[in-house]
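Heads up: the structure comes next, in structure tokens.
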Amino acid sequence: MSDARRGVWRARTTDELLPLLGLAGFGYALPLLDLLGTNPEFLVSHYLTGGALVLAAIVVATVPPLVALATVAVTHLVSDRAARLLWAGWVLVFGAMAAGSLLRHLDLPSDALQALLALAGGIAVL
């Protein structure tokens, strides 16, 4: 692979990873880590202290978007168009999760309404 092609690949990967990290962090990792923080007995019962706790937080925050990016990268080998559609799907999923994490603080009359608004938020992120 030439240096120019490697540079384009690196730039495209970075451009695809950063939005996934942001949306997943806000929509997935933040609520999960908040839940774990308000229930420390779970952490204690699994002997997570010090370095293990930091490692668990890093894994929770980074593994889902990295898995998403890996699926996009593998799909790029087959078709650029399919990879863009898959990336948009991941952005939609993580965007809906981010919108849902905001909406959970509102007192909405039904869960179905919250789910529809979260989906609309995910579409808006696209």
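Each chain in the structure tokens gets a letter, A, B and so on, in the order shown; residues start at 1 in every chain, and ligands are counted from 1 in the order they appear.
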
Excluding A:Leu66 and its own-chain neighbours fewer than 3 positions away, which residues fall within 12 Å of it when counting only C-alpha atoms? Please give them as a compact mmCIF listing (two decimals) with N, CA and C atoms, in the first residue's frame.
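Output (selection36.txt):
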# COMPACT_ATOMS: atom_id res chain seq x y z
N THR A 13 -10.61 6.43 8.23
CA THR A 13 -10.88 5.68 9.46
C THR A 13 -11.10 6.64 10.63
N THR A 14 -10.27 7.66 10.72
CA THR A 14 -10.43 8.65 11.79
C THR A 14 -11.75 9.39 11.64
N GLU A 16 -14.44 8.32 10.39
CA GLU A 16 -15.54 7.42 10.72
C GLU A 16 -15.57 7.07 12.20
N LEU A 17 -14.40 7.01 12.84
CA LEU A 17 -14.34 6.59 14.24
C LEU A 17 -14.79 7.68 15.20
N LEU A 18 -14.38 8.91 14.97
CA LEU A 18 -14.66 9.98 15.94
C LEU A 18 -16.15 10.19 16.20
N PRO A 19 -17.01 10.27 15.17
CA PRO A 19 -18.44 10.39 15.48
C PRO A 19 -18.99 9.18 16.22
N LEU A 20 -18.51 7.99 15.86
CA LEU A 20 -18.98 6.79 16.57
C LEU A 20 -18.57 6.82 18.03
N LEU A 21 -17.34 7.24 18.31
CA LEU A 21 -16.89 7.34 19.71
C LEU A 21 -17.72 8.34 20.49
N GLY A 22 -17.98 9.49 19.89
CA GLY A 22 -18.76 10.52 20.57
C GLY A 22 -20.18 10.09 20.86
N ALA A 24 -21.46 7.00 20.81
CA ALA A 24 -21.51 5.83 21.69
C ALA A 24 -21.18 6.22 23.12
N GLY A 25 -20.23 7.12 23.28
CA GLY A 25 -19.89 7.56 24.63
C GLY A 25 -21.05 8.25 25.31
N ILE A 58 -12.77 1.92 30.42
CA ILE A 58 -12.23 2.13 29.07
C ILE A 58 -12.83 1.12 28.09
N VAL A 59 -12.96 -0.12 28.52
CA VAL A 59 -13.55 -1.15 27.65
C VAL A 59 -15.00 -0.82 27.34
N VAL A 60 -15.76 -0.43 28.36
CA VAL A 60 -17.17 -0.08 28.16
C VAL A 60 -17.30 1.09 27.19
N ALA A 61 -16.40 2.05 27.29
CA ALA A 61 -16.50 3.25 26.45
C ALA A 61 -16.01 3.04 25.03
N THR A 62 -15.06 2.14 24.81
CA THR A 62 -14.44 2.06 23.49
C THR A 62 -14.78 0.82 22.67
N VAL A 63 -15.11 -0.28 23.30
CA VAL A 63 -15.32 -1.51 22.53
C VAL A 63 -16.51 -1.42 21.56
N LEU A 69 -16.76 0.13 14.01
CA LEU A 69 -15.79 0.55 13.01
C LEU A 69 -15.17 -0.66 12.31
N ALA A 70 -14.93 -1.73 13.04
CA ALA A 70 -14.36 -2.93 12.43
C ALA A 70 -15.32 -3.51 11.39
N THR A 71 -16.62 -3.51 11.69
CA THR A 71 -17.57 -4.02 10.70
C THR A 71 -17.59 -3.13 9.46
N VAL A 72 -17.45 -1.82 9.67
CA VAL A 72 -17.41 -0.90 8.53
C VAL A 72 -16.14 -1.12 7.71
N ALA A 73 -15.01 -1.30 8.39
CA ALA A 73 -13.73 -1.51 7.69
C ALA A 73 -13.76 -2.79 6.87
N TRP A 87 -22.07 2.35 8.04
CA TRP A 87 -21.63 3.41 8.95
C TRP A 87 -22.81 4.30 9.33
N TRP A 90 -24.84 2.55 11.91
CA TRP A 90 -24.25 2.63 13.25
C TRP A 90 -24.45 4.02 13.85

Check: What residues in chain A get the DSSP label alpha helix (DSSP H)? Please answer as a VMD selection string.
Finding: chain A and resid 3 to 24 30 to 38 40 to 45 50 to 78 80 to 103 111 to 125

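For the pair atom CA of A:Gly37 and atom CA of A:Leu55, the separation is 14.8 Å.
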
Note to self: Please compute the atom CA of A:Asp34-atom CA of A:Ser110 distance, one decimal, in Å.
What the structure shows: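 Taking atom CA of A:Asp34 and atom CA of A:Ser110, their separation equals 23.1 Å.
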
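Between atom CA of A:Pro40 and atom CA of A:Ala96 the separation is 27.4 Å.
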
Item checked: Residue among A:Val54, A:Ile123, A:Phe26, A:Asn39 lying closest to A:Gly89, counting only C-alpha atoms ->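 Residue with the minimum atom-to-atom distance to A:Gly89: A:Ile123.
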